[in-house]
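Below is the file my_file15.cif, which contains mmCIF, C-alpha atoms and all ligand atoms.
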```
data_start
loop_
_atom_site.label_atom_id
_atom_site.label_comp_id
_atom_site.auth_asym_id
_atom_site.auth_seq_id
_atom_site.Cartn_x
_atom_site.Cartn_y
_atom_site.Cartn_z
CA MET N 1 -19.18 6.95 -4.97
CA LYS N 2 -16.19 4.65 -5.17
CA THR N 3 -15.79 2.45 -2.10
CA LEU N 4 -12.89 0.53 -0.60
CA GLU N 5 -13.76 -2.92 0.69
CA PHE N 6 -12.22 -4.25 3.88
CA ARG N 7 -11.40 -7.87 4.65
CA ASN N 8 -14.67 -8.45 6.52
CA GLY N 9 -16.72 -6.89 3.71
CA ASP N 10 -17.13 -3.45 5.31
CA LYS N 11 -17.09 -0.64 2.77
CA LEU N 12 -15.62 2.84 3.05
CA ASP N 13 -16.63 5.76 0.81
CA ALA N 14 -13.39 6.84 -0.85
CA ILE N 15 -13.93 10.59 -0.35
CA GLY N 16 -13.98 11.63 3.29
CA LEU N 17 -13.97 14.95 5.09
CA GLY N 18 -10.59 15.87 6.58
CA THR N 19 -10.62 17.80 9.86
CA TRP N 20 -6.93 18.61 10.40
CA LYS N 21 -6.60 22.40 10.74
CA SER N 22 -10.37 22.86 10.94
CA ASP N 23 -11.15 25.66 13.39
CA LYS N 24 -13.02 24.57 16.50
CA GLY N 25 -15.55 27.31 15.77
CA LYS N 26 -16.27 25.99 12.29
CA VAL N 27 -15.81 22.23 12.34
CA GLU N 28 -19.12 21.26 13.99
CA GLU N 29 -21.04 22.97 11.18
CA ALA N 30 -18.62 21.59 8.57
CA VAL N 31 -19.14 18.00 9.71
CA TYR N 32 -22.91 18.45 9.92
CA THR N 33 -22.98 20.07 6.46
CA ALA N 34 -20.82 17.29 5.03
CA LEU N 35 -23.11 14.58 6.38
CA LYS N 36 -26.14 16.45 5.03
CA THR N 37 -24.41 16.79 1.65
CA GLY N 38 -23.85 13.04 1.38
CA TYR N 39 -20.46 12.36 2.98
CA THR N 40 -20.39 9.27 5.16
CA HIS N 41 -16.66 9.29 5.98
CA ILE N 42 -15.14 11.67 8.54
CA ASP N 43 -11.42 11.64 9.33
CA CYS N 44 -10.31 12.91 12.75
CA ALA N 45 -7.44 12.71 15.21
CA LEU N 46 -7.01 13.48 18.86
CA VAL N 47 -4.07 15.78 18.12
CA TYR N 48 -6.19 18.00 15.87
CA GLY N 49 -7.68 19.32 19.12
CA ASN N 50 -11.23 19.52 17.76
CA GLU N 51 -12.75 16.08 18.31
CA LYS N 52 -15.39 17.46 20.73
CA GLU N 53 -16.64 19.85 18.06
CA VAL N 54 -16.47 17.11 15.38
CA GLY N 55 -18.45 14.93 17.80
CA ASN N 56 -21.11 17.63 18.16
CA GLY N 57 -21.54 17.74 14.36
CA ILE N 58 -21.79 13.95 14.15
CA HIS N 59 -24.22 13.82 17.05
CA LYS N 60 -26.48 16.45 15.49
CA ALA N 61 -26.63 14.55 12.18
CA LEU N 62 -27.30 11.22 13.92
CA TYR N 63 -29.93 12.78 16.18
CA GLU N 64 -31.73 14.35 13.23
CA GLY N 65 -31.67 11.06 11.32
CA ILE N 66 -29.53 12.49 8.50
CA ILE N 67 -27.35 9.39 8.72
CA THR N 68 -27.39 6.21 10.81
CA ARG N 69 -24.39 5.06 12.81
CA LYS N 70 -24.20 1.97 10.63
CA ASP N 71 -23.81 4.07 7.47
CA LEU N 72 -21.29 6.44 9.04
CA TRP N 73 -17.51 5.83 9.02
CA VAL N 74 -15.38 7.64 11.60
CA THR N 75 -11.61 7.34 11.67
CA SER N 76 -9.44 8.66 14.50
CA LYS N 77 -5.76 8.38 15.36
CA LEU N 78 -3.64 7.48 18.36
CA TRP N 79 -1.29 10.31 19.22
CA ASN N 80 2.43 9.73 19.72
CA ASN N 81 2.24 10.37 23.47
CA ALA N 82 0.20 7.21 24.12
CA HIS N 83 2.21 4.42 22.46
CA ARG N 84 2.84 2.42 25.62
CA ARG N 85 0.61 -0.62 25.94
CA GLU N 86 -1.23 0.76 28.96
CA ASP N 87 -1.82 4.17 27.34
CA VAL N 88 -3.49 3.06 24.10
CA ILE N 89 -7.01 2.18 25.24
CA PRO N 90 -7.32 5.22 27.56
CA ALA N 91 -6.31 7.48 24.62
CA LEU N 92 -8.83 5.76 22.38
CA LYS N 93 -11.53 6.16 25.03
CA LYS N 94 -10.82 9.89 25.20
CA SER N 95 -11.42 10.15 21.43
CA LEU N 96 -14.59 8.06 21.74
CA LYS N 97 -15.90 10.28 24.54
CA ASP N 98 -15.16 13.49 22.65
CA LEU N 99 -16.67 12.11 19.45
CA GLN N 100 -19.72 10.84 21.43
CA LEU N 101 -19.34 7.38 19.90
CA ASP N 102 -19.13 3.93 21.43
CA TYR N 103 -16.89 2.56 18.69
CA LEU N 104 -14.69 3.85 15.87
CA ASP N 105 -14.74 2.39 12.39
CA LEU N 106 -10.99 2.80 12.03
CA TYR N 107 -8.20 3.64 14.47
CA LEU N 108 -4.76 4.52 13.14
CA MET N 109 -1.35 4.81 14.78
CA HIS N 110 -0.71 8.43 13.77
CA TRP N 111 3.10 8.23 13.37
CA PRO N 112 5.76 5.55 13.82
CA VAL N 113 7.19 7.80 16.54
CA ALA N 114 6.72 7.60 20.32
CA PHE N 115 6.85 10.48 22.79
CA LYS N 116 7.14 10.26 26.55
CA SER N 117 3.78 9.12 27.97
CA GLY N 118 1.32 11.98 28.18
CA LEU N 119 3.72 14.59 26.76
CA GLU N 120 1.81 17.78 25.95
CA GLY N 121 2.89 19.81 22.96
CA PHE N 122 5.83 19.28 20.67
CA PRO N 123 8.89 17.40 21.96
CA GLN N 124 11.99 19.50 22.57
CA GLY N 125 14.73 16.89 22.42
CA ASP N 126 15.88 13.38 23.34
CA ASP N 127 14.22 13.30 26.77
CA ASP N 128 10.77 13.85 25.27
CA TYR N 129 11.00 10.85 22.94
CA LEU N 130 10.86 7.13 23.60
CA SER N 131 12.94 5.15 21.14
CA LEU N 132 11.58 2.19 19.19
CA ASP N 133 13.60 -0.01 21.55
CA GLU N 134 11.85 1.52 24.54
CA VAL N 135 8.35 1.20 22.97
CA PRO N 136 8.46 -1.11 19.96
CA ILE N 137 5.77 -0.52 17.33
CA ILE N 138 4.50 -4.06 17.94
CA GLU N 139 3.71 -3.18 21.58
CA THR N 140 1.47 -0.32 20.43
CA TRP N 141 0.03 -2.42 17.63
CA ASP N 142 -0.89 -5.29 19.96
CA ALA N 143 -2.71 -2.84 22.23
CA MET N 144 -4.64 -1.53 19.22
CA LEU N 145 -5.59 -5.10 18.32
CA GLU N 146 -6.79 -5.56 21.88
CA ALA N 147 -9.02 -2.49 21.41
CA LYS N 148 -10.45 -4.16 18.32
CA LYS N 149 -11.04 -7.35 20.28
CA GLN N 150 -12.92 -5.35 22.89
CA GLY N 151 -15.20 -3.92 20.19
CA LEU N 152 -13.96 -0.35 20.64
CA VAL N 153 -12.84 -0.18 17.00
CA LYS N 154 -13.85 -2.14 13.91
CA HIS N 155 -10.59 -1.80 11.98
CA VAL N 156 -7.02 -0.83 12.83
CA GLY N 157 -4.26 0.62 10.73
CA VAL N 158 -1.32 2.98 10.65
CA SER N 159 -0.36 6.34 9.23
CA ASN N 160 2.88 7.79 7.89
CA PHE N 161 4.42 4.32 7.60
CA SER N 162 7.09 3.62 4.97
CA LYS N 163 7.19 0.30 3.16
CA LYS N 164 10.09 -0.74 5.36
CA LYS N 165 8.19 0.03 8.56
CA LEU N 166 5.10 -1.79 7.28
CA LYS N 167 7.17 -4.85 6.38
CA ASP N 168 8.80 -4.84 9.78
CA LEU N 169 5.43 -4.66 11.57
CA MET N 170 3.95 -7.34 9.29
CA SER N 171 6.82 -9.69 10.14
CA LYS N 172 5.85 -9.45 13.83
CA THR N 173 2.06 -9.77 13.72
CA ASP N 174 -0.54 -12.13 12.30
CA ASP N 175 -3.00 -9.26 12.04
CA ASN N 176 -1.74 -6.77 9.45
CA PRO N 177 -2.80 -3.13 9.29
CA GLU N 178 -5.82 -2.63 7.06
CA MET N 179 -4.99 1.00 6.23
CA ASN N 180 -1.95 3.24 5.85
CA GLN N 181 -2.79 6.95 5.71
CA VAL N 182 -0.02 8.94 4.04
CA GLU N 183 0.52 12.11 2.06
CA LEU N 184 -0.28 11.43 -1.61
CA HIS N 185 -0.93 13.66 -4.62
CA PRO N 186 0.45 14.07 -8.14
CA LEU N 187 3.67 15.63 -6.77
CA LEU N 188 4.12 12.68 -4.37
CA ARG N 189 2.87 9.54 -6.06
CA GLN N 190 4.66 6.97 -3.91
CA ASP N 191 3.90 4.25 -6.47
CA ASP N 192 6.16 1.74 -4.78
CA LEU N 193 4.32 2.11 -1.47
CA LEU N 194 0.97 1.99 -3.27
CA ASP N 195 1.87 -1.24 -5.08
CA PHE N 196 3.19 -2.83 -1.92
CA CYS N 197 0.07 -1.91 0.07
CA HIS N 198 -2.36 -3.07 -2.58
CA LYS N 199 -0.50 -6.38 -3.05
CA ASN N 200 -0.75 -6.93 0.69
CA ASN N 201 -4.40 -6.01 1.05
CA ILE N 202 -3.66 -2.73 2.83
CA HIS N 203 -5.71 0.29 1.78
CA LEU N 204 -4.24 3.74 1.47
CA THR N 205 -5.78 7.09 2.36
CA ALA N 206 -4.32 10.25 0.83
CA PHE N 207 -3.89 13.16 3.21
CA SER N 208 -3.09 16.75 2.15
CA PRO N 209 -4.55 16.05 -1.30
CA LEU N 210 -4.82 19.80 -2.01
CA GLY N 211 -1.39 20.63 -0.62
CA SER N 212 -2.73 21.79 2.77
CA GLY N 213 -2.25 25.46 2.02
CA ASP N 214 -3.74 26.36 5.42
CA ARG N 215 -0.77 25.03 7.42
CA THR N 216 0.88 27.47 9.82
CA PRO N 217 3.85 29.42 8.39
CA GLU N 218 6.27 27.36 10.52
CA MET N 219 5.09 24.23 8.73
CA LYS N 220 5.69 25.69 5.29
CA ALA N 221 8.83 25.74 3.19
CA ASP N 222 9.65 29.03 1.43
CA ASP N 223 9.82 27.40 -1.99
CA GLU N 224 6.70 25.21 -1.84
CA PRO N 225 5.15 24.29 -5.19
CA ASP N 226 1.62 25.59 -5.78
CA MET N 227 -0.20 22.39 -6.73
CA MET N 228 -3.67 23.97 -7.09
CA GLY N 229 -2.21 26.65 -9.37
CA ASN N 230 -0.15 24.18 -11.42
CA GLU N 231 -0.73 24.79 -15.14
CA THR N 232 -1.05 21.08 -15.95
CA VAL N 233 -3.65 20.58 -13.22
CA LYS N 234 -5.50 23.69 -14.41
CA ASN N 235 -5.51 22.44 -18.02
CA ILE N 236 -7.00 19.09 -17.01
CA ALA N 237 -9.59 20.94 -14.92
CA GLU N 238 -10.50 23.04 -17.93
CA LYS N 239 -10.80 19.94 -20.11
CA HIS N 240 -13.24 18.36 -17.64
CA GLN N 241 -14.96 21.65 -16.79
CA CYS N 242 -14.20 21.24 -13.13
CA THR N 243 -11.85 22.86 -10.60
CA SER N 244 -8.22 22.10 -9.83
CA ALA N 245 -9.28 20.80 -6.41
CA GLN N 246 -11.64 18.33 -8.08
CA VAL N 247 -8.85 17.10 -10.38
CA LEU N 248 -6.58 16.58 -7.38
CA ILE N 249 -9.27 14.66 -5.49
CA ALA N 250 -10.38 12.55 -8.48
CA PHE N 251 -6.73 11.55 -9.02
CA HIS N 252 -6.93 9.25 -5.97
CA LEU N 253 -10.20 7.63 -7.02
CA HIS N 254 -8.39 6.50 -10.16
CA ARG N 255 -5.66 4.95 -8.00
CA ASP N 256 -8.06 3.07 -5.72
CA THR N 257 -7.22 4.95 -2.55
CA ALA N 258 -9.35 7.00 -0.19
CA VAL N 259 -8.82 10.76 0.00
CA ILE N 260 -9.69 13.25 2.74
CA PRO N 261 -9.78 16.87 1.53
CA LYS N 262 -10.29 19.30 4.41
CA SER N 263 -12.76 22.13 4.12
CA THR N 264 -14.93 24.11 6.49
CA ASN N 265 -16.69 25.93 3.66
CA ALA N 266 -20.10 24.53 2.61
CA ASP N 267 -19.63 25.20 -1.12
CA ARG N 268 -16.18 23.61 -1.19
CA ILE N 269 -17.33 20.64 0.90
CA LYS N 270 -19.95 19.97 -1.78
CA GLU N 271 -17.54 20.65 -4.65
CA ASN N 272 -15.04 18.18 -3.21
CA LEU N 273 -17.62 15.39 -2.93
CA GLU N 274 -18.67 15.99 -6.53
CA SER N 275 -15.13 15.07 -7.63
CA ALA N 276 -16.46 11.50 -7.56
CA GLU N 277 -18.12 12.15 -10.91
CA ILE N 278 -14.94 13.06 -12.81
CA LYS N 279 -13.58 10.37 -15.11
CA PHE N 280 -10.06 10.76 -16.47
CA ASP N 281 -8.80 9.12 -19.64
CA ASP N 282 -5.43 7.38 -19.75
CA GLN N 283 -3.73 10.49 -21.07
CA ASP N 284 -5.04 12.66 -18.19
CA LEU N 285 -3.68 10.18 -15.69
CA LYS N 286 -0.36 9.91 -17.47
CA THR N 287 -0.06 13.71 -17.55
CA LEU N 288 -0.91 14.05 -13.85
CA LYS N 289 1.54 11.29 -12.96
CA SER N 290 4.30 13.10 -14.87
CA LEU N 291 4.17 15.87 -12.21
CA ASP N 292 5.71 13.62 -9.57
CA LYS N 293 8.75 15.07 -7.83
CA HIS N 294 8.50 13.27 -4.51
CA TYR N 295 7.56 16.52 -2.81
CA ARG N 296 6.17 16.40 0.74
CA TYR N 297 4.15 19.35 2.07
CA VAL N 298 4.02 17.67 5.49
CA ASN N 299 7.51 16.59 6.21
CA GLY N 300 7.81 14.34 9.25
CA LYS N 301 11.40 15.39 9.56
CA PHE N 302 10.09 17.71 12.30
CA PHE N 303 10.36 14.57 14.47
CA GLU N 304 14.08 14.33 13.81
CA ASN N 305 15.19 17.01 16.31
CA ASN N 306 16.63 14.24 18.52
CA SER N 307 18.95 11.27 18.33
CA LYS N 308 16.25 8.57 18.75
CA TYR N 309 14.49 9.17 15.42
CA THR N 310 16.80 10.01 12.56
CA ASN N 311 15.07 8.52 9.56
CA ILE N 312 11.27 8.78 9.53
CA TYR N 313 11.00 8.04 5.80
CA ASP N 314 13.33 5.12 5.43
CA ASP N 315 12.50 3.83 1.99
P1 LIG N 401 -11.29 25.81 3.32
O1 LIG N 401 -11.34 24.98 4.55
O2 LIG N 401 -11.49 27.27 3.59
O3 LIG N 401 -12.18 25.31 2.20
P2 LIG N 401 -5.83 19.77 2.35
O4 LIG N 401 -7.10 18.99 2.27
O5 LIG N 401 -4.80 19.38 1.35
O6 LIG N 401 -5.29 19.82 3.77
O7 LIG N 401 -6.18 21.30 1.95
C1 LIG N 401 -7.01 22.10 2.76
C2 LIG N 401 -6.98 23.50 2.24
O8 LIG N 401 -7.60 23.58 0.94
C3 LIG N 401 -7.75 24.47 3.11
O9 LIG N 401 -7.13 25.73 3.08
C4 LIG N 401 -9.12 24.53 2.44
O10 LIG N 401 -9.77 25.75 2.73
C5 LIG N 401 -8.73 24.45 0.99
N1 LIG N 401 -9.77 23.85 0.13
C6 LIG N 401 -10.55 22.79 0.40
N2 LIG N 401 -11.35 22.50 -0.63
C7 LIG N 401 -11.08 23.40 -1.59
C8 LIG N 401 -11.57 23.63 -2.89
N3 LIG N 401 -12.52 22.87 -3.43
N4 LIG N 401 -11.05 24.69 -3.60
C9 LIG N 401 -10.10 25.48 -3.06
N5 LIG N 401 -9.58 25.30 -1.83
C10 LIG N 401 -10.06 24.27 -1.11
#
```
I'd like the structure from this file rewritten - as structure tokens, please.
Amino acid sequence: MKTLEFRNGDKLDAIGLGTWKSDKGKVEEAVYTALKTGYTHIDCALVYGNEKEVGNGIHKALYEGIITRKDLWVTSKLWNNAHRREDVIPALKKSLKDLQLDYLDLYLMHWPVAFKSGLEGFPQGDDDYLSLDEVPIIETWDAMLEAKKQGLVKHVGVSNFSKKKLKDLMSKTDDNPEMNQVELHPLLRQDDLLDFCHKNNIHLTAFSPLGSGDRTPEMKADDEPDMMGNETVKNIAEKHQCTSAQVLIAFHLHRDTAVIPKSTNADRIKENLESAEIKFDDQDLKTLKSLDKHYRYVNGKFFENNSKYTNIYDD
């Protein structure tokens, strides 16, 4: 398995199990199955609403000796309603409690967007948001660094950050993010962001690598491209005698990023991990890269229903 090395020498298995959209009734078994199958990397977030069930799966695997805490990597994310300095550590502690862990391996700021403290649900308009003047990113970031200092997390990073937002944060801190988790796949290569991150020693994790077909209808555009059914992807899968999903996962291993396909199905969980064995030649990569059309399945523009955030993707 390809690994990403962090500044202190810690290593992360590049393929992790995603848990966004995983049913509460299925995710405990999915996490347990994944750890039994050989995954060591589980990606979670408080807003996914299933961290207790994820925690039960982790606990079962640890209890049965399937994996040790030292060999396990758990990532979680700070939700937008806890960006104020005083809200960060309590939010982190809630995730730790639900996950039944005493530290996280990686904690990410989920979006560069702040809601009113403690807001439940989706914001309705200006009053539900706090602008970046009211809660600057650096305030949230410093609180995350404090959590690291206290030993509650080993590494800190961000998610859904553009190059411009990363640069801005980096100009204000001596302790740069170690990870940026963003949507990446052949239809959304983001090469400029990838180059910038790698030059600055920031790892990337690819979310929605399979196009997240299980999003709710409200989150889907009518004319979405079918990445798994794409003829080019299917041809490369045929060439390598694997599935389209495996091609889409292996793509990231060839670009030195982590990738977190979500599945709650035991066969697909295994299939996704086995993508690690697929080796593309230069032509395969070139062909996959030619699919790029800067298409986002998860478009953060849903946070632009207000006057405080008007340009989430500003590069
Ligand atoms: P399931 O959980 O039933 O396996 P993403 O990781 O981009 O968010 O995509 C998740 C979606 O892709 C889910 O609907 C998931 O369904 C499905 N999926 C995950 N792995 C595979 C696979 N190997 N083949 C086909 N579909 C998959």
With a cut-off of 8 Å, could you pull out the residues of chain N touching ligand LIG 401 (chain N) and give me the nearest pair of atoms for each, distance in Å to one decimal, using all atoms listed in the file, ordered by chain and ascending number, as a tab-separated table?
```
residue	atom	partner	partner_atom	distance
N:Gly18	CA	N:LIG401	O4	6.4
N:Trp20	CA	N:LIG401	O6	6.9
N:Lys21	CA	N:LIG401	O6	7.5
N:Ser22	CA	N:LIG401	O1	6.8
N:Phe207	CA	N:LIG401	O5	6.6
N:Ser208	CA	N:LIG401	O5	3.2
N:Pro209	CA	N:LIG401	O5	4.3
N:Leu210	CA	N:LIG401	O5	3.4
N:Gly211	CA	N:LIG401	O5	4.1
N:Ser212	CA	N:LIG401	O6	3.4
N:Gly213	CA	N:LIG401	O9	5.0
N:Asp214	CA	N:LIG401	O9	4.2
N:Arg215	CA	N:LIG401	O9	7.7
N:Met228	CA	N:LIG401	C9	7.7
N:Thr243	CA	N:LIG401	N3	7.2
N:Ser244	CA	N:LIG401	N4	7.3
N:Ala245	CA	N:LIG401	N3	4.9
N:Gln246	CA	N:LIG401	N3	6.6
N:Ile260	CA	N:LIG401	O4	6.3
N:Pro261	CA	N:LIG401	O4	3.5
N:Lys262	CA	N:LIG401	O4	3.9
N:Ser263	CA	N:LIG401	O1	3.2
N:Thr264	CA	N:LIG401	O1	4.2
N:Asn265	CA	N:LIG401	O3	4.8
N:Ala266	CA	N:LIG401	O3	8.0
N:Asp267	CA	N:LIG401	N3	7.8
N:Arg268	CA	N:LIG401	N3	4.4
N:Ile269	CA	N:LIG401	N2	6.4
N:Glu271	CA	N:LIG401	N3	5.6
N:Asn272	CA	N:LIG401	N3	5.3
```
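For the point (-19.2, 5.2, 10.3) in file coordinates, the residues within 9 Å, using all atoms listed in the file, are N:Leu12, N:Thr40, N:His41, N:Ile42, N:Thr68, N:Arg69, N:Lys70, N:Asp71, N:Leu72, N:Trp73, N:Val74, N:Thr75, N:Leu104, N:Asp105, N:Leu106.
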Could you save the residues just selected, with C-alpha atoms, as a short mmCIF file (atom, residue, chain, number, x, y, z; two decimals), in the frame of the given file?
```cif
data_model
loop_
_atom_site.label_atom_id
_atom_site.label_comp_id
_atom_site.auth_asym_id
_atom_site.auth_seq_id
_atom_site.Cartn_x
_atom_site.Cartn_y
_atom_site.Cartn_z
CA LEU N 12 -15.62 2.84 3.05
CA THR N 40 -20.39 9.27 5.16
CA HIS N 41 -16.66 9.29 5.98
CA ILE N 42 -15.14 11.67 8.54
CA THR N 68 -27.39 6.21 10.81
CA ARG N 69 -24.39 5.06 12.81
CA LYS N 70 -24.20 1.97 10.63
CA ASP N 71 -23.81 4.07 7.47
CA LEU N 72 -21.29 6.44 9.04
CA TRP N 73 -17.51 5.83 9.02
CA VAL N 74 -15.38 7.64 11.60
CA THR N 75 -11.61 7.34 11.67
CA LEU N 104 -14.69 3.85 15.87
CA ASP N 105 -14.74 2.39 12.39
CA LEU N 106 -10.99 2.80 12.03
#
```
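Comparing the minimum interatomic distances between His110 of chain N and each of N:Gly229, N:Gly157, N:Gly65, N:Pro123, counting all atoms listed in the file, we find that N:Gly157 sits nearest.
For the choices N:Glu231, N:Asp175, N:Asp23, N:Asp226, the atom-to-atom distance to Trp141 of chain N is smallest for N:Asp175 when using only C-alpha atoms.
Take the candidates N:Asn200, N:Ser290, N:Gln190, N:Ser117 and check each one against Arg84 of chain N using all atoms listed in the file; the shortest distance goes to N:Ser117.
Each of N:Cys44, N:Val27, N:Leu204, N:Leu35 was compared to Leu96 of chain N using all atoms listed in the file, and N:Cys44 turns out to be the nearest.
Distance check against Arg296 of chain N using all atoms listed in the file: of N:Val233, N:Leu166, N:Ala34, N:Met227, the minimum falls on N:Met227.
Here atom CA of Glu120 of chain N stands at a distance of 21.5 Å from atom CA of Val158 of chain N.
Using only C-alpha atoms, the nearest neighbour of Lys94 of chain N within the list N:Asn230, N:Lys52, N:Glu5, N:Leu108 is N:Lys52.
Going from atom CA of Asn56 of chain N over to atom CA of Val153 of chain N, you cover 19.7 Å.
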Calculate how many Å separate atom CA of Val135 of chain N from atom CA of Arg85 of chain N, rounding to one decimal.
8.5 Å
Shell of 10 Å around Leu291 of chain N, only C-alpha atoms, local chain residues under 5 positions omitted, as JSON, numbers by chain:
{"N": [185, 186, 187, 188, 189, 227, 230, 232, 233, 286]}
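Excluding Lys239 of chain N and any residue on its chain fewer than 2 positions from it, the residues at most 12 Å away by all atoms listed in the file are Thr232, Val233, Lys234, Asn235, Ile236, Ala237, Gln241, Cys242, Thr243, Ser244, Val247, Ile278, Lys279, Phe280, Asp281, Gln283 and Asp284 of chain N.
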Long-range neighbours of segment 99-101 of chain N as a PyMOL selection string, 8 Å cut-off, only C-alpha atoms, 4 positions minimum in chain
chain N and resi 51-56+58-59+95
Hey, could you patch up segment 113-120 of chain N with all heavy atoms and hand it over as a CSV table (one decimal), in the coordinates of the input?
```
chain,number,residue,atom,x,y,z
N,113,VAL,N,6.3,7.0,15.7
N,113,VAL,CA,7.2,7.8,16.5
N,113,VAL,C,6.5,7.8,17.9
N,113,VAL,O,5.3,8.1,18.0
N,113,VAL,CB,7.3,9.3,16.0
N,113,VAL,CG1,8.1,10.1,17.0
N,113,VAL,CG2,7.9,9.3,14.6
N,114,ALA,N,7.3,7.6,19.0
N,114,ALA,CA,6.7,7.6,20.3
N,114,ALA,C,7.3,8.7,21.2
N,114,ALA,O,8.5,8.9,21.2
N,114,ALA,CB,7.0,6.3,21.0
N,115,PHE,N,6.4,9.5,21.8
N,115,PHE,CA,6.8,10.5,22.8
N,115,PHE,C,6.7,9.9,24.2
N,115,PHE,O,6.1,8.9,24.4
N,115,PHE,CB,5.9,11.7,22.8
N,115,PHE,CG,5.8,12.4,21.4
N,115,PHE,CD1,4.8,13.3,21.2
N,115,PHE,CD2,6.8,12.2,20.4
N,115,PHE,CE1,4.7,14.0,20.0
N,115,PHE,CE2,6.6,12.9,19.2
N,115,PHE,CZ,5.6,13.8,19.0
N,116,LYS,N,7.3,10.6,25.1
N,116,LYS,CA,7.1,10.3,26.6
N,116,LYS,C,5.6,10.2,26.8
N,116,LYS,O,4.9,11.1,26.3
N,116,LYS,CB,7.8,11.4,27.4
N,116,LYS,CG,8.7,10.9,28.5
N,116,LYS,CD,9.5,12.1,29.1
N,116,LYS,CE,8.7,13.3,29.4
N,116,LYS,NZ,9.5,14.4,30.0
N,117,SER,N,5.2,9.3,27.7
N,117,SER,CA,3.8,9.1,28.0
N,117,SER,C,3.2,10.4,28.4
N,117,SER,O,3.7,11.1,29.3
N,117,SER,CB,3.6,8.1,29.1
N,117,SER,OG,3.7,6.8,28.7
N,118,GLY,N,2.1,10.8,27.8
N,118,GLY,CA,1.3,12.0,28.2
N,118,GLY,C,1.9,13.3,27.8
N,118,GLY,O,1.4,14.4,28.2
N,119,LEU,N,3.1,13.3,27.1
N,119,LEU,CA,3.7,14.6,26.8
N,119,LEU,C,2.7,15.5,26.1
N,119,LEU,O,2.1,15.2,25.1
N,119,LEU,CB,4.9,14.4,25.8
N,119,LEU,CG,5.7,15.6,25.5
N,119,LEU,CD1,6.7,16.0,26.5
N,119,LEU,CD2,6.4,15.5,24.1
N,120,GLU,N,2.7,16.8,26.6
N,120,GLU,CA,1.8,17.8,26.0
N,120,GLU,C,2.7,18.6,25.0
N,120,GLU,O,3.8,18.9,25.3
N,120,GLU,CB,1.2,18.7,27.0
N,120,GLU,CG,0.3,18.1,28.0
N,120,GLU,CD,-1.1,17.7,27.4
N,120,GLU,OE1,-1.4,18.3,26.4
N,120,GLU,OE2,-1.7,16.9,28.0
```
